[in-house]
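Asker: Dropping in structure.cif, which is mmCIF, C-alpha atoms:
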```
data_query
loop_
_atom_site.label_atom_id
_atom_site.label_comp_id
_atom_site.auth_asym_id
_atom_site.auth_seq_id
_atom_site.Cartn_x
_atom_site.Cartn_y
_atom_site.Cartn_z
CA MET V 2 0.00 0.00 0.00
CA ALA V 3 2.26 2.82 1.17
CA VAL V 4 4.68 4.15 -1.43
CA LYS V 5 8.42 3.67 -0.82
CA SER V 6 9.94 6.99 0.26
CA ASN V 7 12.59 8.85 -1.65
CA LEU V 8 13.54 12.50 -1.50
CA THR V 9 11.67 13.50 -4.64
CA ASN V 10 8.27 12.03 -3.77
CA MET V 11 8.49 13.10 -0.11
CA VAL V 12 9.14 16.73 -1.04
CA LEU V 13 6.60 16.61 -3.83
CA VAL V 14 3.72 15.08 -1.83
CA LEU V 15 4.24 17.12 1.33
CA GLY V 16 4.79 20.32 -0.68
CA LEU V 17 1.71 19.82 -2.82
CA THR V 18 -0.46 18.91 0.19
CA CYS V 19 0.61 22.07 2.02
CA LEU V 20 0.11 24.20 -1.07
CA PHE V 21 -3.37 22.84 -1.66
CA CYS V 22 -4.38 23.17 1.99
CA SER V 23 -3.13 26.76 2.18
CA ALA V 24 -5.12 27.58 -0.94
CA VAL V 25 -8.29 26.08 0.60
CA LEU V 26 -7.79 27.96 3.86
CA GLY V 27 -6.98 31.20 2.05
CA GLY V 28 -10.25 30.90 0.18
CA ALA V 29 -12.19 30.07 3.33
CA TYR V 30 -10.63 33.02 5.14
CA VAL V 31 -11.69 35.45 2.42
CA LEU V 32 -15.21 34.01 2.35
CA THR V 33 -15.72 34.09 6.13
CA LYS V 34 -13.94 37.41 6.78
CA GLU V 35 -17.06 39.52 6.43
CA PRO V 36 -19.46 37.35 8.49
CA ILE V 37 -16.84 37.11 11.27
CA ALA V 38 -16.37 40.89 11.35
CA ALA V 39 -20.15 41.35 11.30
CA ALA V 40 -20.61 38.91 14.19
CA ALA V 41 -17.92 40.67 16.25
CA ALA V 42 -19.39 44.11 15.53
CA GLU V 43 -22.87 42.92 16.46
CA LYS V 44 -21.55 41.56 19.72
CA THR V 45 -19.89 44.83 20.76
CA ASN V 46 -22.88 46.88 19.67
CA LYS V 47 -25.11 44.68 21.77
CA ALA V 48 -22.74 45.01 24.73
CA VAL V 49 -22.62 48.80 24.41
CA ALA V 50 -26.38 49.03 24.06
CA GLN V 51 -26.75 46.93 27.19
CA VAL V 52 -24.61 49.15 29.40
CA LEU V 53 -25.74 52.60 28.24
CA PRO V 54 -29.05 54.43 27.87
CA HIS V 55 -30.46 55.06 24.40
CA PHE V 56 -27.94 56.47 21.91
CA THR V 57 -27.87 57.06 18.18
CA ASP V 58 -24.17 57.07 17.39
CA VAL V 59 -21.17 55.33 18.87
CA GLU V 60 -17.47 55.97 18.33
CA TYR V 61 -14.59 53.76 19.40
CA ASN V 62 -11.35 55.11 20.83
CA GLU V 63 -8.80 52.42 19.92
CA GLU V 64 -6.05 53.71 22.21
CA GLY V 65 -8.15 54.11 25.35
CA ARG V 66 -10.40 51.11 24.58
CA TYR V 67 -13.62 52.96 25.24
CA TYR V 68 -16.73 53.90 23.26
CA THR V 69 -18.32 57.31 23.31
CA ALA V 70 -22.06 57.12 22.77
CA THR V 71 -23.89 60.21 21.60
CA ASP V 72 -27.52 61.07 20.97
CA GLY V 73 -27.47 63.96 18.53
CA ASP V 74 -24.91 66.37 20.02
CA THR V 75 -25.09 65.31 23.66
CA VAL V 76 -22.85 62.61 25.06
CA VAL V 77 -25.03 60.04 26.80
CA GLY V 78 -22.16 58.06 28.24
CA TYR V 79 -18.99 56.11 27.86
CA ALA V 80 -18.73 52.33 27.54
CA ILE V 81 -15.29 51.46 28.85
CA GLU V 82 -13.57 48.13 28.34
CA SER V 83 -11.67 46.96 31.37
CA THR V 84 -9.85 43.79 32.37
CA ALA V 85 -8.84 42.37 35.74
CA VAL V 86 -7.40 39.03 36.77
CA GLY V 87 -10.17 36.75 38.03
CA PHE V 88 -10.02 33.27 39.51
CA GLY V 89 -9.57 31.40 36.25
CA GLY V 90 -7.91 34.03 34.08
CA PRO V 91 -8.63 37.47 32.67
CA LEU V 92 -12.10 38.86 33.36
CA SER V 93 -13.09 41.43 30.74
CA LEU V 94 -15.94 43.82 31.35
CA ILE V 95 -17.57 46.65 29.54
CA VAL V 96 -18.69 49.32 31.97
CA GLY V 97 -21.21 51.99 30.98
CA VAL V 98 -20.66 55.31 32.75
CA THR V 99 -22.93 58.30 32.31
CA PRO V 100 -21.32 61.79 32.19
CA ASP V 101 -22.18 62.41 35.89
CA GLY V 102 -19.83 59.58 36.89
CA VAL V 103 -22.52 57.04 37.80
CA VAL V 104 -22.29 53.48 36.53
CA TYR V 105 -25.28 52.83 34.27
CA ASN V 106 -24.74 49.09 33.87
CA THR V 107 -21.98 46.54 33.38
CA SER V 108 -21.62 43.50 31.17
CA VAL V 109 -19.04 40.72 30.93
CA LEU V 110 -17.26 40.50 27.57
CA SER V 111 -15.24 37.37 28.30
CA HIS V 112 -14.24 35.37 31.34
CA ALA V 113 -12.70 32.08 32.40
CA GLU V 114 -14.37 31.65 35.79
CA THR V 115 -15.56 28.35 37.23
CA PRO V 116 -18.97 27.31 35.86
CA GLY V 117 -21.56 27.38 38.64
CA LEU V 118 -19.43 29.56 40.91
CA GLY V 119 -17.53 32.56 39.54
CA ALA V 120 -19.29 32.29 36.18
CA LYS V 121 -22.43 33.48 37.98
CA CYS V 122 -21.02 37.02 37.64
CA THR V 123 -22.69 36.98 34.20
CA THR V 124 -26.08 35.59 35.24
CA ASP V 125 -26.85 36.01 38.93
CA PRO V 126 -29.24 38.99 39.15
CA ARG V 127 -28.41 39.51 42.83
CA PHE V 128 -24.87 40.35 41.75
CA THR V 129 -25.37 41.99 38.35
CA ASP V 130 -28.33 44.20 39.31
CA GLN V 131 -26.44 46.05 42.01
CA TRP V 132 -24.30 47.68 39.29
CA ARG V 133 -27.28 49.45 37.75
CA GLY V 134 -26.99 53.04 38.84
CA PHE V 135 -24.04 52.35 41.13
CA ASN V 136 -22.85 55.75 42.31
CA PRO V 137 -19.20 55.59 43.45
CA SER V 138 -19.48 58.91 45.32
CA VAL V 139 -22.22 57.47 47.59
CA LYS V 140 -21.32 53.79 47.82
CA LYS V 141 -17.95 52.28 48.59
CA LEU V 142 -16.54 50.28 45.70
CA SER V 143 -15.32 47.06 47.30
CA VAL V 144 -16.95 43.84 48.45
CA THR V 145 -18.71 43.76 51.84
CA LYS V 146 -16.04 41.42 53.20
CA ASP V 147 -13.48 44.22 52.60
CA GLY V 148 -15.79 46.83 54.13
CA GLY V 149 -17.43 48.03 50.92
CA ASP V 150 -20.96 48.10 49.55
CA VAL V 151 -20.77 45.42 46.88
CA ASP V 152 -22.42 42.09 47.69
CA ALA V 153 -20.08 39.34 46.52
CA ILE V 154 -21.24 36.18 44.77
CA THR V 155 -21.56 33.33 47.26
CA ALA V 156 -18.31 31.32 47.43
CA SER V 157 -16.73 33.46 44.70
CA THR V 158 -15.05 36.32 46.52
CA ILE V 159 -12.03 36.31 44.20
CA THR V 160 -14.22 36.71 41.12
CA SER V 161 -16.23 39.43 42.85
CA ARG V 162 -13.05 41.29 43.83
CA ALA V 163 -11.79 41.05 40.25
CA TYR V 164 -15.12 42.43 39.04
CA VAL V 165 -14.86 45.30 41.50
CA SER V 166 -11.32 46.15 40.46
CA ALA V 167 -12.30 46.03 36.78
CA VAL V 168 -15.11 48.50 37.49
CA GLU V 169 -12.65 50.62 39.46
CA ASN V 170 -10.21 50.66 36.50
CA ALA V 171 -13.05 51.69 34.23
CA LEU V 172 -14.06 54.54 36.57
CA ASN V 173 -10.45 55.74 36.74
CA LYS V 174 -10.28 55.74 32.98
CA PHE V 175 -13.55 57.66 32.91
CA LYS V 176 -11.98 60.38 35.07
CA GLU V 177 -8.99 60.60 32.70
CA VAL V 178 -11.28 60.85 29.70
CA CYS V 179 -13.36 63.60 31.29
CA HIS V 180 -10.33 65.69 32.28
CA GLU V 181 -9.10 65.81 28.69
CA MET W 6 -17.52 -5.57 6.72
CA SER W 7 -20.84 -3.92 5.91
CA LYS W 8 -21.11 -0.15 6.06
CA PHE W 9 -23.86 -0.32 8.65
CA ARG W 10 -21.69 -2.51 10.86
CA LEU W 11 -18.90 0.08 10.65
CA ILE W 12 -21.21 2.75 12.01
CA THR W 13 -22.61 0.67 14.88
CA ASP W 14 -19.09 -0.49 15.78
CA GLY W 15 -18.08 3.13 16.31
CA LEU W 16 -21.09 3.63 18.55
CA VAL W 17 -20.71 0.58 20.76
CA LYS W 18 -17.76 -1.78 20.27
CA ASN W 19 -15.21 0.93 19.48
CA ASN W 20 -16.90 3.72 21.40
CA PRO W 21 -14.07 6.27 21.64
CA THR W 22 -14.98 7.55 25.10
CA PHE W 23 -16.22 4.58 27.09
CA VAL W 24 -14.24 1.73 25.46
CA LEU W 25 -11.12 3.16 23.81
CA LEU W 26 -10.72 6.03 26.32
CA LEU W 27 -9.47 8.38 23.61
CA GLY W 28 -9.87 12.14 23.54
CA MET W 29 -10.25 12.43 27.31
CA CYS W 30 -9.22 16.09 27.48
CA PRO W 31 -12.16 17.58 25.52
CA THR W 32 -14.43 14.91 27.06
CA LEU W 33 -13.77 16.07 30.60
CA ALA W 34 -13.45 19.76 29.86
CA THR W 35 -16.38 20.57 27.56
CA THR W 36 -19.16 18.44 29.07
CA THR W 37 -20.36 21.00 31.62
CA SER W 38 -23.76 20.85 29.92
CA ALA W 39 -25.52 18.60 27.44
CA ILE W 40 -25.51 21.25 24.71
CA ASN W 41 -21.79 21.92 25.12
CA GLY W 42 -20.97 18.23 25.01
CA MET W 43 -23.10 17.72 21.94
CA SER W 44 -21.54 20.67 20.10
CA MET W 45 -18.04 19.43 20.84
CA GLY W 46 -19.03 15.96 19.61
CA LEU W 47 -20.54 17.34 16.40
CA ALA W 48 -17.48 19.50 15.74
CA THR W 49 -15.26 16.44 16.10
CA LEU W 50 -17.65 14.40 13.93
CA PHE W 51 -17.34 16.99 11.14
CA VAL W 52 -13.53 16.87 11.20
CA LEU W 53 -13.43 13.10 11.58
CA VAL W 54 -15.60 12.28 8.55
CA LEU W 55 -13.84 14.76 6.25
CA SER W 56 -10.32 13.91 7.37
CA ASN W 57 -11.01 10.17 7.12
CA MET W 58 -12.25 10.63 3.55
CA ALA W 59 -9.36 12.87 2.49
CA ILE W 60 -6.75 10.64 4.09
CA SER W 61 -8.11 7.43 2.60
CA ALA W 62 -8.04 9.10 -0.83
CA LEU W 63 -4.49 10.39 -0.31
CA ALA W 64 -3.03 7.28 1.33
CA PRO W 65 -2.01 5.40 -1.88
CA VAL W 66 0.29 8.23 -3.04
CA VAL W 67 1.75 9.35 0.29
CA PRO W 68 5.31 8.10 0.91
CA ASP W 69 5.65 6.20 4.15
CA LYS W 70 8.17 8.48 5.85
CA VAL W 71 6.08 11.66 5.52
CA HIS W 72 2.65 10.16 6.15
CA ILE W 73 2.20 11.65 9.65
CA PRO W 74 3.07 15.24 8.58
CA VAL W 75 0.73 14.94 5.60
CA TYR W 76 -2.12 13.64 7.81
CA ILE W 77 -1.58 16.41 10.34
CA VAL W 78 -1.67 19.06 7.62
CA VAL W 79 -4.92 17.60 6.26
CA ILE W 80 -6.53 17.41 9.72
CA ALA W 81 -5.34 20.91 10.66
CA THR W 82 -6.87 22.25 7.45
CA PHE W 83 -10.28 20.83 8.27
CA VAL W 84 -10.10 22.05 11.86
CA THR W 85 -9.17 25.58 10.78
CA LEU W 86 -11.99 25.48 8.24
CA LEU W 87 -14.40 24.48 11.01
CA GLN W 88 -13.01 27.20 13.25
CA LEU W 89 -13.58 29.90 10.63
CA LEU W 90 -17.09 28.65 9.90
CA MET W 91 -18.06 28.51 13.57
CA GLN W 92 -16.63 31.97 14.21
CA ALA W 93 -18.68 33.33 11.33
CA PHE W 94 -22.00 31.56 11.85
CA THR W 95 -22.20 30.32 15.46
CA PRO W 96 -20.09 32.88 17.38
CA ALA W 97 -21.72 32.10 20.75
CA MET W 98 -20.93 28.40 20.50
CA TYR W 99 -17.42 29.20 19.27
CA GLU W 100 -16.83 31.22 22.41
CA THR W 101 -18.13 28.49 24.73
CA LEU W 102 -15.96 25.77 23.24
CA GLY W 103 -13.10 28.24 22.72
CA LEU W 104 -9.71 26.59 22.94
CA PHE W 105 -11.05 23.09 22.39
CA ILE W 106 -11.90 23.66 18.73
CA PRO W 107 -8.30 24.24 17.57
CA LEU W 108 -7.27 21.39 19.87
CA ILE W 109 -9.26 18.92 17.74
CA VAL W 110 -6.08 18.82 15.60
CA VAL W 111 -4.29 16.89 18.33
CA ASN W 112 -7.35 14.87 19.39
CA CYS W 113 -6.02 11.32 19.26
CA ILE W 114 -9.35 10.00 17.95
CA VAL W 115 -8.88 11.82 14.65
CA LEU W 116 -5.26 10.80 14.01
CA GLY W 117 -6.00 7.39 15.52
CA ARG W 118 -8.74 6.64 13.01
CA ALA W 119 -6.54 7.93 10.17
CA GLU W 120 -3.74 5.55 11.17
CA ALA W 121 -5.81 2.58 12.21
CA PHE W 122 -8.51 2.66 9.56
CA ALA W 123 -8.58 5.32 6.86
CA ASN W 124 -5.16 4.63 5.31
CA LYS W 125 -6.04 0.98 4.75
CA HIS W 126 -9.62 1.34 3.45
CA GLY W 127 -11.59 3.02 0.69
CA VAL W 128 -13.13 6.49 0.82
CA LEU W 129 -16.69 5.35 1.45
CA GLU W 130 -15.80 2.87 4.21
CA SER W 131 -13.60 5.50 5.84
CA ALA W 132 -16.46 7.98 5.76
CA CYS W 133 -18.71 5.41 7.48
CA ASP W 134 -16.04 4.70 10.07
CA GLY W 135 -15.62 8.42 10.71
CA LEU W 136 -19.38 8.81 11.01
CA GLY W 137 -19.66 5.87 13.43
CA VAL W 138 -16.82 6.91 15.69
CA GLY W 139 -17.92 10.55 15.49
CA LEU W 140 -21.47 9.63 16.48
CA GLY W 141 -20.12 7.47 19.29
CA PHE W 142 -18.11 10.43 20.55
CA THR W 143 -21.08 12.79 20.19
CA CYS W 144 -23.47 10.46 22.05
CA SER W 145 -20.98 9.83 24.85
CA LEU W 146 -20.32 13.53 25.32
CA THR W 147 -24.02 14.38 25.21
CA VAL W 148 -24.86 11.74 27.82
CA LEU W 149 -21.96 12.77 30.05
CA GLY W 150 -22.90 16.43 29.64
CA LEU W 151 -26.55 15.67 30.38
CA VAL W 152 -25.76 13.75 33.58
CA ARG W 153 -23.41 16.48 34.78
CA GLU W 154 -25.92 19.19 33.90
CA ILE W 155 -28.78 17.44 35.73
CA LEU W 156 -26.71 16.83 38.86
CA GLY W 157 -24.64 20.00 38.78
CA SER W 158 -27.02 22.70 37.55
CA GLY W 159 -30.43 21.08 37.93
CA SER W 160 -31.28 21.52 34.29
CA ALA W 161 -31.38 19.46 31.10
CA PHE W 162 -30.48 20.93 27.69
CA GLY W 163 -30.73 24.38 29.27
CA TRP W 164 -34.23 23.73 30.68
CA ASN W 165 -34.10 24.35 34.41
CA PHE W 166 -36.29 22.14 36.62
CA ILE W 167 -35.26 23.06 40.16
CA GLY W 168 -36.16 26.73 40.05
CA GLY W 169 -33.75 29.18 41.58
CA HIS W 170 -31.80 26.65 43.64
CA ASP W 171 -28.23 25.59 43.10
CA GLY W 172 -27.32 22.13 41.88
CA MET W 173 -24.47 20.04 43.24
CA LEU W 174 -21.70 22.27 41.98
CA ALA W 175 -19.01 19.59 42.24
CA PHE W 176 -20.47 17.90 39.18
CA VAL W 177 -19.93 20.95 37.01
CA MET W 178 -16.29 21.08 38.01
CA ALA W 179 -13.40 18.75 37.24
CA PRO W 180 -13.89 16.19 40.06
CA GLY W 181 -17.51 15.66 38.98
CA ALA W 182 -16.34 15.10 35.41
CA PHE W 183 -14.09 12.25 36.53
CA LEU W 184 -16.76 10.75 38.81
CA CYS W 185 -19.48 10.82 36.16
CA LEU W 186 -17.16 9.48 33.48
CA GLY W 187 -16.12 6.60 35.73
CA TYR W 188 -19.65 5.57 36.65
CA LEU W 189 -20.92 5.92 33.09
CA MET W 190 -18.04 3.73 31.93
CA VAL W 191 -19.01 1.06 34.46
CA LEU W 192 -22.62 1.23 33.31
CA PHE W 193 -21.65 1.10 29.63
CA ASN W 194 -19.44 -1.94 30.09
CA LYS W 195 -22.10 -3.68 32.21
CA LEU W 196 -24.68 -3.15 29.47
CA PHE W 197 -22.67 -3.91 26.35
CA LYS W 198 -19.74 -6.13 27.24
CA LYS W 199 -20.26 -9.81 26.54
#
```
Starting from the file, give its structure as structure tokens.

Answerer:
Amino acid sequence: MAVKSNLTNMVLVLGLTCLFCSAVLGGAYVLTKEPIAAAAAEKTNKAVAQVLPHFTDVEYNEEGRYYTATDGDTVVGYAIESTAVGFGGPLSLIVGVTPDGVVYNTSVLSHAETPGLGAKCTTDPRFTDQWRGFNPSVKKLSVTKDGGDVDAITASTITSRAYVSAVENALNKFKEVCHE
Amino acid sequence: MSKFRLITDGLVKNNPTFVLLLGMCPTLATTTSAINGMSMGLATLFVLVLSNMAISALAPVVPDKVHIPVYIVVIATFVTLLQLLMQAFTPAMYETLGLFIPLIVVNCIVLGRAEAFANKHGVLESACDGLGVGLGFTCSLTVLGLVREILGSGSAFGWNFIGGHDGMLAFVMAPGAFLCLGYLMVLFNKLFKK
């Protein structure tokens, strides 16, 4: 069955296989490029819409990793991407902040937390709802265990702390953006 | 061997998860729910059928000394193809399975079937073998995922039946994966081994 190997046929077969496969993948890449970009754009738009009040136009600042949402001429808020180290890896959030410095809402972009424990930071309403209208000048931004006003997820203090520090980073970035 | 026999063999006698114990890494890691397990199984099924067919067609012209590199290139091509397609059309599922999609390249089931079956048989038989083993893998992962989901999250295929309560979390995590796999293996061998 198998052909006896010599230099010519080894180079030829392996070379041709690679060439053909690269051609197939090149074609597939070109064909799927647009749908992939569309899916990614839809995902961010959804995330931004979730963390900010109604807006008509959104602009991305590549360097600062934040979106400025406007309705006509007025800025309705900033959606700021922020990452902290969670229990299982990086925890990426998008935090919506209205111009008065109050958190409008938060949403998780990606995480690697334990399913059933830390992963609840995306679903548990008792945890996620407390970020709606969270005003950092009234409430203390740290988990109750550390003397703050954020209720941690049961048995997931590390994830909750990471979430808090990601929100904190976002609020710091918001201050920088506003001082410009 | 009849084509039908090839398919049922992959499901029962050569079941990759419960009999051959191949591909344990994705088995344990992606079966946190029935849907996840099933998606991982179907993704592997897709690669397995196509790579088995391509390899059985290529086998007669591939020199012996470079056959592994050629097979890996072929398998990697199909996996990348799958990855691009999933990213474009099922982005949510792509995110859930994440790292385990590219890792299908090194899943020993795929290369194992190429070595043990596809390079000695025709295209059609290899396709049937790929289908059988792929279905066996899909069923095993779905069952394992379902058991872990019922015990760990109190839901089945995403349908929650215990209201707002928590399930037994251990079953969603790694220790539960090993426990469930072990007991299912015992059950499988009790039922099918003669």

Asker: With distances taken over only C-alpha atoms, which of V:Gly97, V:Gly134, V:Gly117, V:Gly87 is nearest to Thr160 (chain V)?

Answerer: V:Gly87

Asker: What is the distance, in Å and to one decimal place, between CA of Thr147 (chain W) and CA of Thr22 (chain W)?

Answerer: 11.3 Å

Asker: Choose the residue, out of V:Thr33, V:Thr45, V:Ser6, V:Ser23, that has the smallest atom-to-atom separation from Gln88 (chain W); count only C-alpha atoms.

Answerer: V:Thr33

Asker: Just say which residues the PyMOL selection byres ((chain W and resi 78) around 12) picks in this file, as a ChimeraX atom specification.

Answerer: /V:14-23,25-26 /W:56,59-60,71-77,79-85,110-111,116

Asker: Pull C-alpha atoms from the residues just selected and write them as a PDB file, keeping the file's coordinate frame.

Answerer:
```
ATOM      1  CA  VAL V  14       3.720  15.080  -1.830  1.00  0.00           C
ATOM      2  CA  LEU V  15       4.240  17.120   1.330  1.00  0.00           C
ATOM      3  CA  GLY V  16       4.790  20.320  -0.680  1.00  0.00           C
ATOM      4  CA  LEU V  17       1.710  19.820  -2.820  1.00  0.00           C
ATOM      5  CA  THR V  18      -0.460  18.910   0.190  1.00  0.00           C
ATOM      6  CA  CYS V  19       0.610  22.070   2.020  1.00  0.00           C
ATOM      7  CA  LEU V  20       0.110  24.200  -1.070  1.00  0.00           C
ATOM      8  CA  PHE V  21      -3.370  22.840  -1.660  1.00  0.00           C
ATOM      9  CA  CYS V  22      -4.380  23.170   1.990  1.00  0.00           C
ATOM     10  CA  SER V  23      -3.130  26.760   2.180  1.00  0.00           C
ATOM     11  CA  VAL V  25      -8.290  26.080   0.600  1.00  0.00           C
ATOM     12  CA  LEU V  26      -7.790  27.960   3.860  1.00  0.00           C
TER      13      LEU V  26
ATOM     14  CA  SER W  56     -10.320  13.910   7.370  1.00  0.00           C
ATOM     15  CA  ALA W  59      -9.360  12.870   2.490  1.00  0.00           C
ATOM     16  CA  ILE W  60      -6.750  10.640   4.090  1.00  0.00           C
ATOM     17  CA  VAL W  71       6.080  11.660   5.520  1.00  0.00           C
ATOM     18  CA  HIS W  72       2.650  10.160   6.150  1.00  0.00           C
ATOM     19  CA  ILE W  73       2.200  11.650   9.650  1.00  0.00           C
ATOM     20  CA  PRO W  74       3.070  15.240   8.580  1.00  0.00           C
ATOM     21  CA  VAL W  75       0.730  14.940   5.600  1.00  0.00           C
ATOM     22  CA  TYR W  76      -2.120  13.640   7.810  1.00  0.00           C
ATOM     23  CA  ILE W  77      -1.580  16.410  10.340  1.00  0.00           C
ATOM     24  CA  VAL W  79      -4.920  17.600   6.260  1.00  0.00           C
ATOM     25  CA  ILE W  80      -6.530  17.410   9.720  1.00  0.00           C
ATOM     26  CA  ALA W  81      -5.340  20.910  10.660  1.00  0.00           C
ATOM     27  CA  THR W  82      -6.870  22.250   7.450  1.00  0.00           C
ATOM     28  CA  PHE W  83     -10.280  20.830   8.270  1.00  0.00           C
ATOM     29  CA  VAL W  84     -10.100  22.050  11.860  1.00  0.00           C
ATOM     30  CA  THR W  85      -9.170  25.580  10.780  1.00  0.00           C
ATOM     31  CA  VAL W 110      -6.080  18.820  15.600  1.00  0.00           C
ATOM     32  CA  VAL W 111      -4.290  16.890  18.330  1.00  0.00           C
ATOM     33  CA  LEU W 116      -5.260  10.800  14.010  1.00  0.00           C
TER      34      LEU W 116
END
```

Asker: Written as a list of chain:residue names, what is the full residue list that the PyMOL selection byres ((chain V and resi 65) around 12) yields on the file shown?

Answerer: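 Here the PyMOL selection byres ((chain V and resi 65) around 12) matches V:Glu60, V:Tyr61, V:Asn62, V:Glu63, V:Glu64, V:Arg66, V:Tyr67, V:Tyr68, V:Thr69, V:Tyr79, V:Ala80, V:Ile81, V:Glu82, V:Ser83, V:Asn170, V:Ala171, V:Asn173, V:Lys174, V:Phe175, V:Glu177, V:Val178.
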
Asker: Taking only C-alpha atoms into account and nothing else, which residues of chain W lie no more than 7 Å away from chain V? Please answer as a ChimeraX atom specification.

Answerer: /W:64-71,75,78,82,86,89-90,92-93,96,174,177

Asker: Please write the residues picked by the PyMOL selection byres ((chain V and resi 72) around 12) on this file as a PyMOL selection string.

Answerer: chain V and resi 53-60+69-71+73-78

Asker: Excluding same-chain residues fewer than 3 positions from Thr49 (chain W), what lies within 9 Å of it counting all atoms listed in the file, as a PDB file with C-alpha atoms, in the coordinates of the input?

Answerer:
```
ATOM      1  CA  SER W  44     -21.540  20.670  20.100  1.00  0.00           C
ATOM      2  CA  MET W  45     -18.040  19.430  20.840  1.00  0.00           C
ATOM      3  CA  GLY W  46     -19.030  15.960  19.610  1.00  0.00           C
ATOM      4  CA  VAL W  52     -13.530  16.870  11.200  1.00  0.00           C
ATOM      5  CA  LEU W  53     -13.430  13.100  11.580  1.00  0.00           C
ATOM      6  CA  VAL W  54     -15.600  12.280   8.550  1.00  0.00           C
ATOM      7  CA  VAL W  84     -10.100  22.050  11.860  1.00  0.00           C
ATOM      8  CA  ILE W 106     -11.900  23.660  18.730  1.00  0.00           C
ATOM      9  CA  ILE W 109      -9.260  18.920  17.740  1.00  0.00           C
ATOM     10  CA  ASN W 112      -7.350  14.870  19.390  1.00  0.00           C
ATOM     11  CA  ILE W 114      -9.350  10.000  17.950  1.00  0.00           C
ATOM     12  CA  VAL W 115      -8.880  11.820  14.650  1.00  0.00           C
ATOM     13  CA  GLY W 139     -17.920  10.550  15.490  1.00  0.00           C
ATOM     14  CA  PHE W 142     -18.110  10.430  20.550  1.00  0.00           C
ATOM     15  CA  THR W 143     -21.080  12.790  20.190  1.00  0.00           C
TER      16      THR W 143
END
```

Asker: Centre and edge lengths, as AutoDock Vina command-line options, for the axis-aligned box enclosing every listed atom of region 88-104 of chain V with 8 Å of padding on each of the six sides, in Å to one decimal?

Answerer:
```
--center_x -15.4 --center_y 46.9 --center_z 34.5 --size_x 31.0 --size_y 47.0 --size_z 26.0
```

Asker: Of the candidates W:Leu104, W:Met91, W:Ala62, W:Ile155, which one gets nearest to Ala123 (chain W) if we count all atoms listed in the file?

Answerer: W:Ala62

Asker: CA of Ser138 (chain V) and CA of Gly102 (chain V), how far apart in Å?

Answerer: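 Computing it gives 8.5 Å between the two atoms.
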
Asker: From the options W:Val138, W:Leu16, W:Leu87, W:Ala161, which residue's atoms come nearest to Phe193 (chain W), counting only C-alpha atoms?

Answerer: W:Leu16

Asker: Would you mind listing what lies within 12 Å of Lys195 (chain W) as a PyMOL selection string, with all atoms listed in the file counted and same-chain residues fewer than 6 positions away left out?

Answerer: chain W and resi 23-24+188-189

Asker: As an exercise, work out the distance from CA of Asp134 (chain W) to CA of Lys18 (chain W) in Å and give it to one decimal place.

Answerer: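 Interatomic distance here is 12.2 Å.
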
Asker: Of the candidates W:Val17, W:Ala175, W:Ala132, W:Leu26, which shows the shortest atom-to-atom distance to Glu154 (chain W), using all atoms listed in the file?

Answerer: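 Closest candidate: W:Ala175.
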
Asker: Grab region 121-131 of chain W from that structure and dump N, CA and C atoms to a file, as a PDB file, in the first residue's frame.

Answerer:
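Once everything was written out, this is selection01.pdb:
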```pdb
ATOM      1  N   ALA W 121      -5.340   3.945  11.988  1.00  0.00           N
ATOM      2  CA  ALA W 121      -5.812   2.585  12.206  1.00  0.00           C
ATOM      3  C   ALA W 121      -6.792   2.135  11.138  1.00  0.00           C
ATOM      4  N   PHE W 122      -7.463   3.067  10.492  1.00  0.00           N
ATOM      5  CA  PHE W 122      -8.506   2.655   9.556  1.00  0.00           C
ATOM      6  C   PHE W 122      -8.379   3.298   8.168  1.00  0.00           C
ATOM      7  N   ALA W 123      -8.419   4.633   8.142  1.00  0.00           N
ATOM      8  CA  ALA W 123      -8.579   5.324   6.859  1.00  0.00           C
ATOM      9  C   ALA W 123      -7.477   5.004   5.859  1.00  0.00           C
ATOM     10  N   ASN W 124      -6.217   4.847   6.304  1.00  0.00           N
ATOM     11  CA  ASN W 124      -5.163   4.626   5.310  1.00  0.00           C
ATOM     12  C   ASN W 124      -5.116   3.191   4.785  1.00  0.00           C
ATOM     13  N   LYS W 125      -6.015   2.348   5.268  1.00  0.00           N
ATOM     14  CA  LYS W 125      -6.042   0.983   4.746  1.00  0.00           C
ATOM     15  C   LYS W 125      -7.352   0.678   4.010  1.00  0.00           C
ATOM     16  N   HIS W 126      -8.312   1.607   4.036  1.00  0.00           N
ATOM     17  CA  HIS W 126      -9.620   1.339   3.452  1.00  0.00           C
ATOM     18  C   HIS W 126     -10.015   2.402   2.429  1.00  0.00           C
ATOM     19  N   GLY W 127     -11.104   2.109   1.718  1.00  0.00           N
ATOM     20  CA  GLY W 127     -11.585   3.021   0.690  1.00  0.00           C
ATOM     21  C   GLY W 127     -12.255   4.260   1.271  1.00  0.00           C
ATOM     22  N   VAL W 128     -12.570   5.210   0.384  1.00  0.00           N
ATOM     23  CA  VAL W 128     -13.127   6.492   0.818  1.00  0.00           C
ATOM     24  C   VAL W 128     -14.472   6.313   1.516  1.00  0.00           C
ATOM     25  N   LEU W 129     -15.345   5.496   0.903  1.00  0.00           N
ATOM     26  CA  LEU W 129     -16.692   5.349   1.445  1.00  0.00           C
ATOM     27  C   LEU W 129     -16.690   4.650   2.809  1.00  0.00           C
ATOM     28  N   GLU W 130     -15.896   3.574   2.917  1.00  0.00           N
ATOM     29  CA  GLU W 130     -15.802   2.873   4.207  1.00  0.00           C
ATOM     30  C   GLU W 130     -15.221   3.798   5.279  1.00  0.00           C
ATOM     31  N   SER W 131     -14.211   4.582   4.879  1.00  0.00           N
ATOM     32  CA  SER W 131     -13.601   5.497   5.845  1.00  0.00           C
ATOM     33  C   SER W 131     -14.597   6.552   6.304  1.00  0.00           C
TER      34      SER W 131
END
```
